[in-house]
>>> print(open('final.tsv').read())   # TSV, C-alpha atoms
chain	number	residue	atom	x	y	z
H	1	MET	CA	8.99	-37.14	19.36
H	2	GLU	CA	8.58	-35.25	22.61
H	3	LEU	CA	7.85	-31.53	22.42
H	4	ARG	CA	9.78	-29.15	24.66
H	5	TYR	CA	8.85	-25.58	25.46
H	6	ARG	CA	11.09	-22.82	26.75
H	7	ARG	CA	11.85	-19.13	26.46
H	8	VAL	CA	13.88	-18.06	23.44
H	9	SER	CA	17.63	-17.99	23.95
H	10	SER	CA	19.54	-14.74	23.44
H	11	TRP	CA	20.79	-16.12	20.09
H	12	GLU	CA	17.23	-16.88	18.95
H	13	PHE	CA	16.04	-13.45	20.13
H	14	ASP	CA	18.83	-11.89	18.03
H	15	LEU	CA	17.54	-13.81	14.97
H	16	ILE	CA	14.02	-12.48	15.62
H	17	MET	CA	15.31	-8.93	16.20
H	18	LYS	CA	17.43	-9.06	13.03
H	19	GLU	CA	14.35	-9.96	10.95
H	20	ALA	CA	12.27	-7.21	12.58
H	21	GLU	CA	14.94	-4.57	11.93
H	22	LYS	CA	14.57	-5.09	8.17
H	23	PHE	CA	11.09	-3.55	8.52
H	24	GLY	CA	11.24	-1.34	11.60
H	25	GLU	CA	11.43	-1.81	15.33
H	26	LEU	CA	10.38	-4.86	17.36
H	27	LYS	CA	7.62	-3.86	19.82
H	28	HIS	CA	7.62	-7.11	21.83
H	29	GLU	CA	10.21	-8.77	24.05
H	30	LEU	CA	8.90	-12.09	25.34
H	31	PHE	CA	8.91	-15.07	23.02
H	32	GLY	CA	8.68	-18.77	23.69
H	33	ILE	CA	9.78	-21.78	21.69
H	34	VAL	CA	8.09	-25.11	21.17
H	35	GLU	CA	10.76	-27.52	20.00
H	36	GLY	CA	9.87	-30.59	18.01
H	37	LYS	CA	10.79	-31.21	14.40
H	38	PHE	CA	11.10	-27.41	14.08
H	39	ARG	CA	11.51	-24.57	16.56
H	40	ASP	CA	8.20	-22.73	16.46
H	41	VAL	CA	8.24	-19.22	17.93
H	42	TYR	CA	5.32	-17.76	19.91
H	43	ALA	CA	4.82	-14.23	21.24
H	44	VAL	CA	3.58	-14.38	24.83
H	45	ASN	CA	3.14	-12.03	27.76
H	46	GLU	CA	4.28	-12.57	31.36
H	47	GLU	CA	0.85	-13.73	32.57
H	48	VAL	CA	0.59	-16.38	29.86
H	49	TRP	CA	4.15	-17.52	30.57
H	50	ARG	CA	3.45	-17.88	34.33
H	51	ARG	CA	0.38	-20.00	33.57
H	52	ILE	CA	2.33	-22.19	31.15
H	53	GLU	CA	5.02	-22.84	33.76
H	54	SER	CA	2.38	-23.94	36.29
H	55	LEU	CA	0.77	-26.50	33.95
H	56	LYS	CA	1.20	-30.17	34.78
H	57	ILE	CA	1.11	-31.12	31.09
H	58	LYS	CA	3.38	-29.66	28.43
H	59	PRO	CA	1.71	-27.42	25.85
H	60	TYR	CA	2.19	-27.93	22.13
H	61	ALA	CA	1.36	-24.28	21.40
H	62	PHE	CA	0.79	-21.06	23.34
H	63	GLY	CA	0.49	-17.34	22.66
H	64	THR	CA	0.55	-16.08	19.09
H	65	PHE	CA	2.48	-18.17	16.57
H	66	VAL	CA	4.86	-15.76	14.80
H	67	GLY	CA	7.24	-17.98	12.85
H	68	THR	CA	9.80	-20.77	12.82
H	69	ILE	CA	13.55	-20.97	13.29
H	70	LYS	CA	15.14	-23.34	10.79
H	71	VAL	CA	18.51	-24.03	9.25
H	72	ASP	CA	18.55	-22.88	5.62
H	73	ARG	CA	20.22	-24.65	2.69
H	74	ASN	CA	23.51	-22.87	3.51
H	75	LEU	CA	23.38	-24.37	7.04
H	76	VAL	CA	22.63	-20.98	8.60
H	77	GLU	CA	19.99	-20.63	11.31
H	78	LYS	CA	17.29	-18.18	10.30
H	79	PHE	CA	13.97	-16.93	11.63
H	80	TYR	CA	11.15	-17.30	9.09
H	81	PRO	CA	8.29	-15.01	10.18
H	82	ASN	CA	4.65	-15.47	9.33
H	83	ILE	CA	2.18	-12.64	8.69
H	84	GLU	CA	1.21	-12.27	12.38
H	85	PHE	CA	4.83	-11.51	13.32
H	86	PHE	CA	4.55	-8.09	11.71
H	87	TYR	CA	1.87	-7.01	14.20
H	88	PHE	CA	4.71	-7.06	16.74
H	89	VAL	CA	6.86	-4.76	14.58
H	90	ASP	CA	6.54	-0.99	14.24
H	91	ILE	CA	6.80	-1.01	10.44
H	92	LYS	CA	8.82	1.92	9.09
H	93	GLN	CA	10.41	0.57	5.91
H	94	ASN	CA	10.07	-2.19	3.34
H	95	PHE	CA	6.30	-1.96	3.09
H	96	ALA	CA	3.67	-1.22	0.46
H	97	ILE	CA	0.21	0.25	0.96
H	98	LEU	CA	-2.21	-0.93	-1.70
H	99	LYS	CA	-5.23	0.79	-3.21
H	100	PRO	CA	-8.58	-0.84	-2.25
H	101	LYS	CA	-9.23	-2.95	-5.38
H	102	THR	CA	-5.61	-4.09	-5.55
H	103	ALA	CA	-5.64	-4.92	-1.83
H	104	PHE	CA	-8.62	-7.21	-2.36
H	105	LEU	CA	-6.99	-8.88	-5.36
H	106	PHE	CA	-3.78	-9.40	-3.36
H	107	THR	CA	-5.76	-11.35	-0.74
H	108	THR	CA	-6.92	-13.67	-3.53
H	109	GLY	CA	-3.32	-14.57	-4.40
H	110	LYS	CA	-2.75	-12.05	-7.21
H	111	ASP	CA	0.45	-10.12	-7.82
H	112	VAL	CA	0.43	-6.33	-7.63
H	113	PRO	CA	0.88	-3.96	-10.61
H	114	LYS	CA	2.73	-0.71	-9.93
H	115	ASN	CA	-0.40	1.40	-10.49
H	116	GLY	CA	-2.15	-0.53	-7.66
H	117	VAL	CA	0.33	0.74	-5.07
H	118	LYS	CA	-0.66	3.87	-3.17
H	119	GLU	CA	2.64	4.21	-1.28
H	120	TYR	CA	5.75	2.15	-0.67
H	121	SER	CA	9.11	2.23	1.09
H	122	TRP	CA	11.90	-0.03	-0.09
H	123	LYS	CA	15.36	-0.20	1.50
H	124	GLY	CA	17.69	-3.16	1.11
H	125	SER	CA	15.27	-6.10	1.37
H	126	LYS	CA	13.32	-7.46	-1.57
H	127	LYS	CA	10.62	-8.64	0.86
H	128	LEU	CA	7.84	-6.14	1.65
H	129	VAL	CA	5.04	-6.15	4.20
H	130	ILE	CA	1.80	-5.50	2.31
H	131	LEU	CA	-0.90	-3.38	3.96
H	132	ASN	CA	-4.24	-1.90	2.99
H	133	GLU	CA	-5.08	1.79	3.47
H	134	GLU	CA	-6.40	1.09	7.00
H	135	GLY	CA	-3.04	-0.38	8.06
H	136	ILE	CA	-4.21	-4.00	8.13
H	137	ILE	CA	-1.43	-6.40	7.21
H	138	LEU	CA	-2.48	-8.36	4.13
H	139	GLY	CA	0.66	-10.42	3.57
H	140	LEU	CA	4.18	-10.46	2.24
H	141	GLY	CA	5.48	-9.79	-1.23
H	142	LEU	CA	8.68	-9.54	-3.25
H	143	ILE	CA	9.35	-6.27	-5.04
H	144	ASN	CA	10.40	-6.29	-8.69
H	145	PRO	CA	11.25	-2.63	-9.39
H	146	LYS	CA	11.87	-3.26	-13.11
H	147	SER	CA	8.32	-4.49	-13.75
H	148	ASN	CA	5.14	-2.42	-13.93
H	149	GLY	CA	2.82	-5.42	-14.34
H	150	LYS	CA	4.16	-7.61	-11.54
H	151	PHE	CA	5.68	-4.89	-9.39
H	152	ILE	CA	5.10	-6.95	-6.22
H	153	LYS	CA	4.92	-10.73	-6.35
H	154	ASN	CA	2.62	-12.28	-3.76
H	155	ILE	CA	4.57	-14.59	-1.39
H	156	THR	CA	1.76	-15.16	1.09
H	157	ASP	CA	-1.45	-13.42	2.08
H	158	ILE	CA	-4.28	-13.61	4.61
H	159	GLY	CA	-6.60	-15.32	2.10
H	160	GLU	CA	-4.26	-18.28	1.60
H	161	PHE	CA	-5.88	-20.37	4.34
H	162	ILE	CA	-9.27	-20.19	2.60
H	163	ARG	CA	-7.77	-21.13	-0.77
H	164	ARG	CA	-5.90	-24.20	0.53
H	165	HIS	CA	-6.83	-27.47	-1.13
H	166	LYS	CA	-7.97	-30.21	1.20
>>> encode(input="final.tsv", output="structure tokens")
Amino acid sequence: MELRYRRVSSWEFDLIMKEAEKFGELKHELFGIVEGKFRDVYAVNEEVWRRIESLKIKPYAFGTFVGTIKVDRNLVEKFYPNIEFFYFVDIKQNFAILKPKTAFLFTTGKDVPKNGVKEYSWKGSKKLVILNEEGIILGLGLINPKSNGKFIKNITDIGEFIRRHK
């Protein structure tokens, strides 16, 4: 299968923008796509894009990988962001700031009890961006407001790569 690279279309940019708006405001405008089995989305700047266009060989990746555009089970195209995507979003809602011990445990794959949350904002989306007190993005979680023990379920976190089985 041959890989193709290109700038995102206006439709794809709208998908990215729609996902960002659930959490705040998108701070970045230039994204590229590498099309193969999936449509992988990369954040790039103008200088990187100019260099990519001047290459004689086609890249299989460039910039910062921020997610994938796929068709979901309802046959709807959707942007699925990864953790790095949220560094390109000015996060204003749907986030949780964890206390230090809880933040560490979250990065080991643990769920978050309500008493481990220092601050949170929740509006309309069950998905939350999880941060530590220094503002470092630790991962993504699902809020369960009816539970004190598993108040936020860990979806993915920055420690997942280390825990992967070979």
>>> residues_around(input="final.tsv", residues="segment 60-69 of chain H", least_positions_apart="2", cutoff="9 Å", atoms="only C-alpha atoms", output="ChimeraX atom specification")
/H:3-5,12,15-16,31-35,38-45,48-49,52,58,71,77-86,88
>>> atom_distance(input="final.tsv", atom1="atom CA of Thr156 of chain H", atom2="atom CA of Lys110 of chain H")
9.9 Å
>>> closest_residue(input="final.tsv", among="H:Lys118, H:Arg163, H:Arg73, H:His28", to="Ala103 of chain H", atoms="all atoms listed in the file")
H:Lys118
>>> atom_distance(input="final.tsv", atom1="atom CA of Ile143 of chain H", atom2="atom CA of Lys126 of chain H")
5.4 Å
>>> atom_distance(input="final.tsv", atom1="atom CA of Val129 of chain H", atom2="atom CA of Arg7 of chain H")
26.7 Å
>>> axis_aligned_box(input="final.tsv", around="segment 49-54 of chain H", padding_each_side="3 Å", output="JSON")
{"center_x": 2.7, "center_y": -20.7, "center_z": 33.4, "size_x": 10.6, "size_y": 12.4, "size_z": 11.7}
>>> build_atoms(input="final.tsv", residues="segment 18-50 of chain H", atoms="N, CA and C atoms", output="PDB file, keeping the file's coordinate frame")
ATOM      1  N   LYS H  18      16.799  -9.341  14.332  1.00  0.00           N
ATOM      2  CA  LYS H  18      17.430  -9.060  13.030  1.00  0.00           C
ATOM      3  C   LYS H  18      16.382  -9.017  11.913  1.00  0.00           C
ATOM      4  N   GLU H  19      15.420  -9.943  11.960  1.00  0.00           N
ATOM      5  CA  GLU H  19      14.350  -9.960  10.950  1.00  0.00           C
ATOM      6  C   GLU H  19      13.460  -8.731  11.102  1.00  0.00           C
ATOM      7  N   ALA H  20      13.124  -8.371  12.333  1.00  0.00           N
ATOM      8  CA  ALA H  20      12.270  -7.210  12.580  1.00  0.00           C
ATOM      9  C   ALA H  20      12.922  -5.918  12.102  1.00  0.00           C
ATOM     10  N   GLU H  21      14.231  -5.797  12.289  1.00  0.00           N
ATOM     11  CA  GLU H  21      14.940  -4.570  11.930  1.00  0.00           C
ATOM     12  C   GLU H  21      14.953  -4.296  10.428  1.00  0.00           C
ATOM     13  N   LYS H  22      14.682  -5.305   9.612  1.00  0.00           N
ATOM     14  CA  LYS H  22      14.570  -5.090   8.170  1.00  0.00           C
ATOM     15  C   LYS H  22      13.339  -4.239   7.836  1.00  0.00           C
ATOM     16  N   PHE H  23      12.370  -4.212   8.766  1.00  0.00           N
ATOM     17  CA  PHE H  23      11.090  -3.550   8.520  1.00  0.00           C
ATOM     18  C   PHE H  23      10.794  -2.409   9.485  1.00  0.00           C
ATOM     19  N   GLY H  24      11.480  -2.371  10.598  1.00  0.00           N
ATOM     20  CA  GLY H  24      11.240  -1.340  11.600  1.00  0.00           C
ATOM     21  C   GLY H  24      11.784  -1.749  12.940  1.00  0.00           C
ATOM     22  N   GLU H  25      10.976  -1.548  13.974  1.00  0.00           N
ATOM     23  CA  GLU H  25      11.430  -1.810  15.330  1.00  0.00           C
ATOM     24  C   GLU H  25      10.521  -2.837  16.008  1.00  0.00           C
ATOM     25  N   LEU H  26      11.135  -3.832  16.645  1.00  0.00           N
ATOM     26  CA  LEU H  26      10.380  -4.860  17.360  1.00  0.00           C
ATOM     27  C   LEU H  26       9.710  -4.229  18.572  1.00  0.00           C
ATOM     28  N   LYS H  27       8.399  -4.448  18.724  1.00  0.00           N
ATOM     29  CA  LYS H  27       7.620  -3.860  19.820  1.00  0.00           C
ATOM     30  C   LYS H  27       7.353  -4.867  20.937  1.00  0.00           C
ATOM     31  N   HIS H  28       7.919  -6.051  20.869  1.00  0.00           N
ATOM     32  CA  HIS H  28       7.620  -7.110  21.830  1.00  0.00           C
ATOM     33  C   HIS H  28       8.920  -7.761  22.274  1.00  0.00           C
ATOM     34  N   GLU H  29       8.957  -8.225  23.533  1.00  0.00           N
ATOM     35  CA  GLU H  29      10.210  -8.770  24.050  1.00  0.00           C
ATOM     36  C   GLU H  29      10.157 -10.216  24.509  1.00  0.00           C
ATOM     37  N   LEU H  30       8.978 -10.748  24.774  1.00  0.00           N
ATOM     38  CA  LEU H  30       8.900 -12.090  25.340  1.00  0.00           C
ATOM     39  C   LEU H  30       8.390 -13.088  24.310  1.00  0.00           C
ATOM     40  N   PHE H  31       9.244 -14.028  23.994  1.00  0.00           N
ATOM     41  CA  PHE H  31       8.910 -15.070  23.020  1.00  0.00           C
ATOM     42  C   PHE H  31       9.229 -16.426  23.624  1.00  0.00           C
ATOM     43  N   GLY H  32       8.443 -17.399  23.262  1.00  0.00           N
ATOM     44  CA  GLY H  32       8.680 -18.770  23.690  1.00  0.00           C
ATOM     45  C   GLY H  32       8.887 -19.659  22.490  1.00  0.00           C
ATOM     46  N   ILE H  33       9.488 -20.807  22.738  1.00  0.00           N
ATOM     47  CA  ILE H  33       9.780 -21.780  21.690  1.00  0.00           C
ATOM     48  C   ILE H  33       9.093 -23.093  22.035  1.00  0.00           C
ATOM     49  N   VAL H  34       8.499 -23.718  21.042  1.00  0.00           N
ATOM     50  CA  VAL H  34       8.090 -25.110  21.170  1.00  0.00           C
ATOM     51  C   VAL H  34       8.992 -25.869  20.204  1.00  0.00           C
ATOM     52  N   GLU H  35       9.798 -26.753  20.788  1.00  0.00           N
ATOM     53  CA  GLU H  35      10.760 -27.520  20.000  1.00  0.00           C
ATOM     54  C   GLU H  35      10.217 -28.902  19.713  1.00  0.00           C
ATOM     55  N   GLY H  36      10.241 -29.256  18.472  1.00  0.00           N
ATOM     56  CA  GLY H  36       9.870 -30.590  18.010  1.00  0.00           C
ATOM     57  C   GLY H  36      10.727 -30.819  16.781  1.00  0.00           C
ATOM     58  N   LYS H  37      10.073 -31.093  15.670  1.00  0.00           N
ATOM     59  CA  LYS H  37      10.790 -31.210  14.400  1.00  0.00           C
ATOM     60  C   LYS H  37      11.393 -29.848  14.022  1.00  0.00           C
ATOM     61  N   PHE H  38      10.639 -28.780  14.313  1.00  0.00           N
ATOM     62  CA  PHE H  38      11.100 -27.410  14.080  1.00  0.00           C
ATOM     63  C   PHE H  38      11.097 -26.669  15.403  1.00  0.00           C
ATOM     64  N   ARG H  39      11.597 -25.440  15.391  1.00  0.00           N
ATOM     65  CA  ARG H  39      11.510 -24.570  16.560  1.00  0.00           C
ATOM     66  C   ARG H  39      10.489 -23.485  16.237  1.00  0.00           C
ATOM     67  N   ASP H  40       9.264 -23.694  16.698  1.00  0.00           N
ATOM     68  CA  ASP H  40       8.200 -22.730  16.460  1.00  0.00           C
ATOM     69  C   ASP H  40       8.277 -21.630  17.513  1.00  0.00           C
ATOM     70  N   VAL H  41       8.099 -20.379  17.065  1.00  0.00           N
ATOM     71  CA  VAL H  41       8.240 -19.220  17.930  1.00  0.00           C
ATOM     72  C   VAL H  41       6.860 -18.621  18.199  1.00  0.00           C
ATOM     73  N   TYR H  42       6.597 -18.325  19.481  1.00  0.00           N
ATOM     74  CA  TYR H  42       5.320 -17.760  19.910  1.00  0.00           C
ATOM     75  C   TYR H  42       5.574 -16.485  20.707  1.00  0.00           C
ATOM     76  N   ALA H  43       4.789 -15.457  20.442  1.00  0.00           N
ATOM     77  CA  ALA H  43       4.820 -14.230  21.240  1.00  0.00           C
ATOM     78  C   ALA H  43       3.889 -14.460  22.425  1.00  0.00           C
ATOM     79  N   VAL H  44       4.381 -14.199  23.618  1.00  0.00           N
ATOM     80  CA  VAL H  44       3.580 -14.380  24.830  1.00  0.00           C
ATOM     81  C   VAL H  44       3.775 -13.162  25.732  1.00  0.00           C
ATOM     82  N   ASN H  45       2.926 -13.051  26.739  1.00  0.00           N
ATOM     83  CA  ASN H  45       3.140 -12.030  27.760  1.00  0.00           C
ATOM     84  C   ASN H  45       3.481 -12.736  29.072  1.00  0.00           C
ATOM     85  N   GLU H  46       3.846 -11.984  30.092  1.00  0.00           N
ATOM     86  CA  GLU H  46       4.280 -12.570  31.360  1.00  0.00           C
ATOM     87  C   GLU H  46       3.193 -13.427  32.009  1.00  0.00           C
ATOM     88  N   GLU H  47       1.939 -12.978  31.948  1.00  0.00           N
ATOM     89  CA  GLU H  47       0.850 -13.730  32.570  1.00  0.00           C
ATOM     90  C   GLU H  47       0.686 -15.099  31.903  1.00  0.00           C
ATOM     91  N   VAL H  48       0.705 -15.117  30.590  1.00  0.00           N
ATOM     92  CA  VAL H  48       0.590 -16.380  29.860  1.00  0.00           C
ATOM     93  C   VAL H  48       1.770 -17.281  30.229  1.00  0.00           C
ATOM     94  N   TRP H  49       2.967 -16.709  30.268  1.00  0.00           N
ATOM     95  CA  TRP H  49       4.150 -17.520  30.570  1.00  0.00           C
ATOM     96  C   TRP H  49       4.062 -18.125  31.973  1.00  0.00           C
ATOM     97  N   ARG H  50       3.608 -17.351  32.963  1.00  0.00           N
ATOM     98  CA  ARG H  50       3.450 -17.880  34.330  1.00  0.00           C
ATOM     99  C   ARG H  50       2.469 -19.047  34.350  1.00  0.00           C
TER     100      ARG H  50
END
